[in-house]
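Heads up: the structure comes next, in structure tokens.
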Amino acid sequence: MNRFITVKGIGKVCAKPDLIELELNLPRKNMDYNKTMKASTEAIIILQEAVMSLGFEKKDLKTRDFSVKTSYKSVQDSRINYKKVFDGFVCTHSLKLEFDFDMKKLSDVLSTFAECPAKPEFSVNFSIKDKDAVSEALLVNASQSAKEKAEILAKASGVTLGQIITIDYNWGELHLYSPTNFAIFNENTHQGGRMSMDMEPDDIDVSDAVTFVWSID
């Protein structure tokens with residue numbers, strides 16, 4: 001009779017953020033499709049110029065999503081009935097800008113975007129540059145944890161660990177972002193002047209799990 005032991009190993013890694021990610025949105029709306037697209041094109045050109053004025057290259061501003069949708073609104077008629085009425089075309093260009101962790105650089109970037117005529121909507125996240133290294137460290141940590149647990153259980157049960165039968169791992173995407181909430185209300189930032197900030201985002205705590213099955217003798 002084959003005998004087995006199944007153990008789940010939990011890996012944990014704590015890392016300091018070394019990457020700043022800016023998410024930007026450029027929504028444009030107009031009743032005319034061509035005017036909507038023209039406004040979107042003009043906005044991205046203005047934003048690219050702002051980015052290059054900060055020392056970045058044009059290619060550093062990367063598109064995450066681009067969509068054009070029709071918009072409708074509910075209108076009440078004379079009989080107090082509501083119906084959908086065409087309300088124009090909405091073009092949304094979503095972009096991302098990444099750079100090494102530098103709060104002074106972030107201050108300059110946000111101040112420039114706040115004064116930018118394109119008026120981008122933006123949010124800030126703190127992340128990790130070498131995501132593969134974090135993922136590898138987690139797997140090593142989880143594997144060591146599983147083996148240590150299996151050896152303890154085997155010793156306590158008076159058996160010996162044999163060969164590894166299976167390894168089960170869910171290859172999901174890790175959420176490598178600091179829990180620090182960095183929020184700026186865009187409508188209050190278009191007033192000129194440099195933003196000044198001195199802060200240290202919280203460390204990124206991430207965990208992952210791997211399940212091993214060993215034969216036991």
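Residue numbering restarts at 1 for every chain of the structure tokens, chains are lettered A, B, ... in their displayed order, and ligands are numbered from 1 as they appear.
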Step one, run DSSP on the backbone; step two, keep only residues of segment 29-119 of chain A assigned to alpha helix (DSSP H); then write them as a compact mmCIF listing (two decimals) with N, CA and C atoms, in the first residue's frame.
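Now in result01.txt:
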```txt
# COMPACT_ATOMS: atom_id res chain seq x y z
N TYR A 33 -17.90 62.17 -33.59
CA TYR A 33 -16.85 61.16 -33.46
C TYR A 33 -15.48 61.72 -33.85
N ASN A 34 -15.40 62.40 -35.00
CA ASN A 34 -14.12 62.92 -35.46
C ASN A 34 -13.54 63.94 -34.50
N LYS A 35 -14.39 64.78 -33.93
CA LYS A 35 -13.91 65.78 -32.97
C LYS A 35 -13.43 65.11 -31.68
N THR A 36 -14.09 64.02 -31.30
CA THR A 36 -13.67 63.27 -30.11
C THR A 36 -12.27 62.70 -30.32
N MET A 37 -12.05 62.08 -31.47
CA MET A 37 -10.75 61.49 -31.76
C MET A 37 -9.67 62.55 -31.91
N LYS A 38 -10.02 63.69 -32.48
CA LYS A 38 -9.06 64.78 -32.62
C LYS A 38 -8.64 65.30 -31.26
N ALA A 39 -9.61 65.46 -30.36
CA ALA A 39 -9.31 65.95 -29.02
C ALA A 39 -8.42 64.97 -28.27
N SER A 40 -8.66 63.67 -28.46
CA SER A 40 -7.84 62.64 -27.81
C SER A 40 -6.41 62.69 -28.33
N THR A 41 -6.26 62.83 -29.65
CA THR A 41 -4.93 62.90 -30.25
C THR A 41 -4.17 64.13 -29.76
N GLU A 42 -4.85 65.26 -29.69
CA GLU A 42 -4.20 66.49 -29.23
C GLU A 42 -3.79 66.36 -27.77
N ALA A 43 -4.60 65.71 -26.97
CA ALA A 43 -4.31 65.55 -25.55
C ALA A 43 -3.07 64.69 -25.33
N ILE A 44 -2.94 63.60 -26.07
CA ILE A 44 -1.79 62.72 -25.89
C ILE A 44 -0.51 63.41 -26.34
N ILE A 45 -0.60 64.23 -27.39
CA ILE A 45 0.58 64.98 -27.85
C ILE A 45 1.05 65.95 -26.77
N ILE A 46 0.11 66.65 -26.16
CA ILE A 46 0.44 67.59 -25.09
C ILE A 46 1.05 66.86 -23.89
N LEU A 47 0.49 65.70 -23.55
CA LEU A 47 1.01 64.92 -22.42
C LEU A 47 2.41 64.40 -22.73
N GLN A 48 2.64 63.95 -23.95
CA GLN A 48 3.97 63.47 -24.34
C GLN A 48 5.01 64.59 -24.22
N GLU A 49 4.62 65.79 -24.60
CA GLU A 49 5.54 66.94 -24.50
C GLU A 49 5.86 67.22 -23.04
N ALA A 50 4.85 67.10 -22.17
CA ALA A 50 5.06 67.32 -20.73
C ALA A 50 6.02 66.27 -20.16
N VAL A 51 5.84 65.03 -20.59
CA VAL A 51 6.70 63.94 -20.12
C VAL A 51 8.14 64.16 -20.57
N MET A 52 8.31 64.55 -21.83
CA MET A 52 9.67 64.77 -22.35
C MET A 52 10.33 65.98 -21.68
N SER A 53 9.54 66.96 -21.25
CA SER A 53 10.11 68.12 -20.55
C SER A 53 10.69 67.73 -19.20
N MET A 103 11.23 60.46 -4.54
CA MET A 103 10.11 61.31 -4.17
C MET A 103 10.23 62.71 -4.77
N LYS A 104 11.45 63.21 -4.94
CA LYS A 104 11.61 64.52 -5.56
C LYS A 104 11.17 64.46 -7.03
N LYS A 105 11.56 63.37 -7.70
CA LYS A 105 11.16 63.19 -9.09
C LYS A 105 9.64 63.08 -9.18
N LEU A 106 9.04 62.35 -8.24
CA LEU A 106 7.59 62.22 -8.23
C LEU A 106 6.92 63.57 -8.04
N SER A 107 7.49 64.38 -7.16
CA SER A 107 6.95 65.71 -6.92
C SER A 107 6.97 66.55 -8.20
N ASP A 108 8.09 66.49 -8.92
CA ASP A 108 8.21 67.25 -10.17
C ASP A 108 7.23 66.74 -11.23
N VAL A 109 7.08 65.42 -11.30
CA VAL A 109 6.18 64.82 -12.28
C VAL A 109 4.74 65.24 -12.02
N LEU A 110 4.31 65.12 -10.75
CA LEU A 110 2.93 65.44 -10.42
C LEU A 110 2.64 66.93 -10.60
N SER A 111 3.61 67.76 -10.27
CA SER A 111 3.42 69.20 -10.45
C SER A 111 3.26 69.54 -11.94
N THR A 112 4.08 68.88 -12.76
CA THR A 112 4.00 69.12 -14.21
C THR A 112 2.67 68.64 -14.77
N PHE A 113 2.22 67.47 -14.33
CA PHE A 113 0.93 66.96 -14.80
C PHE A 113 -0.22 67.83 -14.32
N ALA A 114 -0.09 68.37 -13.11
CA ALA A 114 -1.15 69.22 -12.58
C ALA A 114 -1.30 70.50 -13.40
N GLU A 115 -0.20 70.97 -13.96
CA GLU A 115 -0.21 72.20 -14.75
C GLU A 115 -0.40 71.92 -16.24
```
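Distances from A:Ile167, A:Cys91, A:Leu26, A:Met31 to Leu139 of chain A were compared using only C-alpha atoms, and the smallest one belongs to A:Ile167.
The shortest atom-to-atom distance to Lys12 of chain A, with only C-alpha atoms taken into account, belongs to A:Leu138 out of A:Ala154, A:Asp217, A:Val90, A:Leu138.
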Go through A:Ala133, A:Val140, A:Ile216, A:Leu176 one by one, measure the shortest atom-to-atom distance of each to Asp203 of chain A using only C-alpha atoms, and give the residue with the smallest value. A:Leu176
Using only C-alpha atoms, which residues sit within 7 Å of Ser178 of chain A once same-chain residues fewer than 5 positions away are excluded, as an mmCIF file with C-alpha atoms, in the first residue's frame?
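For reference, out01.cif as written:
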```cif
data_model
loop_
_atom_site.group_PDB
_atom_site.id
_atom_site.type_symbol
_atom_site.label_atom_id
_atom_site.label_comp_id
_atom_site.auth_asym_id
_atom_site.auth_seq_id
_atom_site.Cartn_x
_atom_site.Cartn_y
_atom_site.Cartn_z
ATOM 1 C CA PRO A 17 9.317 49.649 -2.984
ATOM 2 C CA PHE A 126 4.639 52.012 -5.327
ATOM 3 C CA SER A 127 5.947 48.693 -6.608
ATOM 4 C CA PRO A 201 5.754 54.182 1.557
ATOM 5 C CA ASP A 202 5.076 51.033 3.547
ATOM 6 C CA ASP A 203 6.961 47.854 2.676
ATOM 7 C CA ILE A 204 5.403 45.319 0.329
#
```
Could you pull the residues within 12 Å of His175 of chain A, counting only C-alpha atoms, minus those fewer than 4 positions along the same chain, as a PyMOL selection string? chain A and resi 125-128+131+134-135+179+204-208
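Minimum atom-to-atom distance to Asp65 of chain A, evaluated using only C-alpha atoms, belongs to A:Glu23 out of A:Asp77, A:Asp18, A:Glu23, A:Asp102.
Distances from A:Leu95, A:Val124, A:Val75, A:Ile80 to Glu21 of chain A were compared using only C-alpha atoms, and the smallest one belongs to A:Val124.
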Neighbouring residues of Ala146 of chain A were defined as those with any atom within 7 Å, considering only C-alpha atoms; residues of the same chain fewer than 4 positions away were excluded. Please report them as a PyMOL selection string. chain A and resi 7-9+142+150
Residues just named, written with C-alpha atoms as a short mmCIF file (atom, residue, chain, number, x, y, z; two decimals), in the first residue's frame:
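Wrote selection18.cif, looks like this:
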```cif
data_model
loop_
_atom_site.label_atom_id
_atom_site.label_comp_id
_atom_site.auth_asym_id
_atom_site.auth_seq_id
_atom_site.Cartn_x
_atom_site.Cartn_y
_atom_site.Cartn_z
CA VAL A 7 2.11 19.49 2.98
CA LYS A 8 1.49 23.10 1.97
CA GLY A 9 4.44 25.47 2.23
CA ALA A 142 7.60 28.19 0.31
CA ALA A 150 7.08 17.48 6.15
#
```
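Of the residues under consideration (A:Tyr72, A:Ile20, A:Trp171, A:Phe122), A:Ile20 shows the shortest atom-to-atom contact distance to Asp100 of chain A when counting only C-alpha atoms.
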Backbone DSSP call of strand (DSSP E or B) for segment 53-193 of chain A, listed as a PyMOL selection string: chain A and resi 62-76+82-100+121-127+161-169+177
Take the selection from the previous step and output its residues with N, CA and C atoms, as a short mmCIF file (atom, residue, chain, number, x, y, z; two decimals), in the first residue's frame.
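And here's out33.cif as it stands now:
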```
data_model
loop_
_atom_site.label_atom_id
_atom_site.label_comp_id
_atom_site.auth_asym_id
_atom_site.auth_seq_id
_atom_site.Cartn_x
_atom_site.Cartn_y
_atom_site.Cartn_z
N LYS A 62 3.61 54.66 -21.83
CA LYS A 62 3.07 53.49 -22.52
C LYS A 62 1.55 53.40 -22.39
N THR A 63 0.91 53.02 -23.48
CA THR A 63 -0.55 52.84 -23.48
C THR A 63 -0.93 51.54 -22.79
N ARG A 64 -1.85 51.62 -21.83
CA ARG A 64 -2.40 50.44 -21.16
C ARG A 64 -3.73 50.03 -21.76
N ASP A 65 -4.50 51.02 -22.18
CA ASP A 65 -5.82 50.72 -22.75
C ASP A 65 -6.29 51.92 -23.57
N PHE A 66 -6.99 51.62 -24.65
CA PHE A 66 -7.55 52.68 -25.50
C PHE A 66 -8.94 52.24 -25.92
N SER A 67 -9.93 53.05 -25.59
CA SER A 67 -11.31 52.66 -25.91
C SER A 67 -12.12 53.85 -26.40
N VAL A 68 -13.06 53.56 -27.30
CA VAL A 68 -14.01 54.56 -27.78
C VAL A 68 -15.41 53.95 -27.62
N LYS A 69 -16.25 54.62 -26.85
CA LYS A 69 -17.58 54.10 -26.58
C LYS A 69 -18.64 55.18 -26.81
N THR A 70 -19.84 54.72 -27.09
CA THR A 70 -20.96 55.66 -27.18
C THR A 70 -21.55 55.86 -25.79
N SER A 71 -21.98 57.07 -25.51
CA SER A 71 -22.55 57.40 -24.21
C SER A 71 -24.03 57.75 -24.36
N TYR A 72 -24.81 57.30 -23.40
CA TYR A 72 -26.24 57.59 -23.41
C TYR A 72 -26.67 58.12 -22.04
N LYS A 73 -27.70 58.93 -22.04
CA LYS A 73 -28.26 59.43 -20.79
C LYS A 73 -29.77 59.22 -20.77
N SER A 74 -30.31 59.13 -19.57
CA SER A 74 -31.76 58.95 -19.44
C SER A 74 -32.45 60.31 -19.41
N VAL A 75 -33.46 60.44 -20.26
CA VAL A 75 -34.21 61.70 -20.36
C VAL A 75 -35.69 61.42 -20.13
N GLN A 76 -36.31 62.28 -19.34
CA GLN A 76 -37.73 62.12 -19.02
C GLN A 76 -38.58 62.89 -20.04
N TYR A 82 -38.95 57.49 -18.99
CA TYR A 82 -37.52 57.71 -19.26
C TYR A 82 -37.10 56.92 -20.50
N LYS A 83 -36.26 57.54 -21.29
CA LYS A 83 -35.72 56.87 -22.45
C LYS A 83 -34.25 57.25 -22.62
N LYS A 84 -33.50 56.35 -23.25
CA LYS A 84 -32.09 56.60 -23.47
C LYS A 84 -31.89 57.50 -24.69
N VAL A 85 -31.06 58.50 -24.49
CA VAL A 85 -30.77 59.44 -25.57
C VAL A 85 -29.26 59.50 -25.77
N PHE A 86 -28.84 59.45 -27.02
CA PHE A 86 -27.42 59.51 -27.34
C PHE A 86 -26.79 60.77 -26.74
N ASP A 87 -25.64 60.58 -26.06
CA ASP A 87 -25.00 61.70 -25.37
C ASP A 87 -23.56 61.91 -25.82
N GLY A 88 -23.20 61.35 -26.96
CA GLY A 88 -21.87 61.59 -27.50
C GLY A 88 -20.97 60.38 -27.50
N PHE A 89 -19.74 60.61 -27.98
CA PHE A 89 -18.70 59.57 -28.01
C PHE A 89 -17.68 59.86 -26.90
N VAL A 90 -17.25 58.82 -26.22
CA VAL A 90 -16.26 58.96 -25.16
C VAL A 90 -15.02 58.16 -25.52
N CYS A 91 -13.91 58.84 -25.64
CA CYS A 91 -12.63 58.19 -25.94
C CYS A 91 -11.76 58.29 -24.68
N THR A 92 -11.29 57.15 -24.20
CA THR A 92 -10.44 57.13 -23.02
C THR A 92 -9.10 56.48 -23.36
N HIS A 93 -8.05 57.24 -23.16
CA HIS A 93 -6.69 56.74 -23.39
C HIS A 93 -6.04 56.57 -22.02
N SER A 94 -5.77 55.32 -21.64
CA SER A 94 -5.15 55.02 -20.35
C SER A 94 -3.67 54.70 -20.57
N LEU A 95 -2.81 55.34 -19.78
CA LEU A 95 -1.37 55.19 -19.97
C LEU A 95 -0.66 54.91 -18.66
N LYS A 96 0.61 54.52 -18.77
CA LYS A 96 1.43 54.24 -17.59
C LYS A 96 2.80 54.85 -17.75
N LEU A 97 3.32 55.40 -16.67
CA LEU A 97 4.67 55.95 -16.64
C LEU A 97 5.38 55.39 -15.41
N GLU A 98 6.52 54.74 -15.62
CA GLU A 98 7.28 54.14 -14.51
C GLU A 98 8.66 54.78 -14.40
N PHE A 99 9.15 54.90 -13.17
CA PHE A 99 10.52 55.37 -12.95
C PHE A 99 10.99 54.93 -11.57
N ASP A 100 12.31 54.94 -11.37
CA ASP A 100 12.88 54.52 -10.10
C ASP A 100 12.34 55.35 -8.95
N GLU A 121 -6.03 62.64 -15.64
CA GLU A 121 -6.38 62.08 -14.34
C GLU A 121 -5.25 61.12 -13.98
N PHE A 122 -4.76 61.16 -12.75
CA PHE A 122 -3.64 60.29 -12.43
C PHE A 122 -3.73 59.72 -11.02
N SER A 123 -3.08 58.57 -10.85
CA SER A 123 -2.98 57.92 -9.54
C SER A 123 -1.57 57.35 -9.42
N VAL A 124 -1.12 57.12 -8.18
CA VAL A 124 0.26 56.69 -7.92
C VAL A 124 0.28 55.37 -7.16
N ASN A 125 1.16 54.47 -7.61
CA ASN A 125 1.39 53.21 -6.91
C ASN A 125 2.89 53.01 -6.71
N PHE A 126 3.24 52.33 -5.61
CA PHE A 126 4.64 52.01 -5.33
C PHE A 126 4.83 50.51 -5.47
N SER A 127 5.80 50.11 -6.30
CA SER A 127 5.95 48.69 -6.61
C SER A 127 7.42 48.26 -6.59
N LEU A 161 10.64 10.36 4.90
CA LEU A 161 10.21 10.95 3.63
C LEU A 161 10.86 10.25 2.46
N GLY A 162 10.07 9.98 1.44
CA GLY A 162 10.60 9.38 0.22
C GLY A 162 10.72 10.41 -0.88
N GLN A 163 10.36 10.03 -2.08
CA GLN A 163 10.45 10.93 -3.22
C GLN A 163 9.24 11.87 -3.28
N ILE A 164 9.46 13.01 -3.96
CA ILE A 164 8.35 13.93 -4.20
C ILE A 164 7.49 13.34 -5.30
N ILE A 165 6.21 13.23 -5.03
CA ILE A 165 5.28 12.66 -6.01
C ILE A 165 4.71 13.76 -6.91
N THR A 166 4.21 14.82 -6.31
CA THR A 166 3.65 15.93 -7.09
C THR A 166 3.97 17.27 -6.42
N ILE A 167 3.97 18.31 -7.24
CA ILE A 167 4.10 19.69 -6.75
C ILE A 167 2.96 20.47 -7.38
N ASP A 168 2.16 21.08 -6.53
CA ASP A 168 1.00 21.82 -7.02
C ASP A 168 1.19 23.31 -6.71
N TYR A 169 1.18 24.11 -7.78
CA TYR A 169 1.38 25.55 -7.60
C TYR A 169 0.44 26.30 -8.53
N TYR A 177 2.43 45.54 -4.74
CA TYR A 177 2.22 46.97 -4.55
C TYR A 177 2.18 47.29 -3.06
#
```
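A straight line drawn from atom CA of Ser157 of chain A to atom CA of Thr211 of chain A is 19.7 Å long.
Here atom CA of Ala209 of chain A stands at a distance of 24.3 Å from atom CA of Thr180 of chain A.
Interatomic distance, atom CA of Leu22 of chain A against atom CA of Gly172 of chain A: 23.3 Å.
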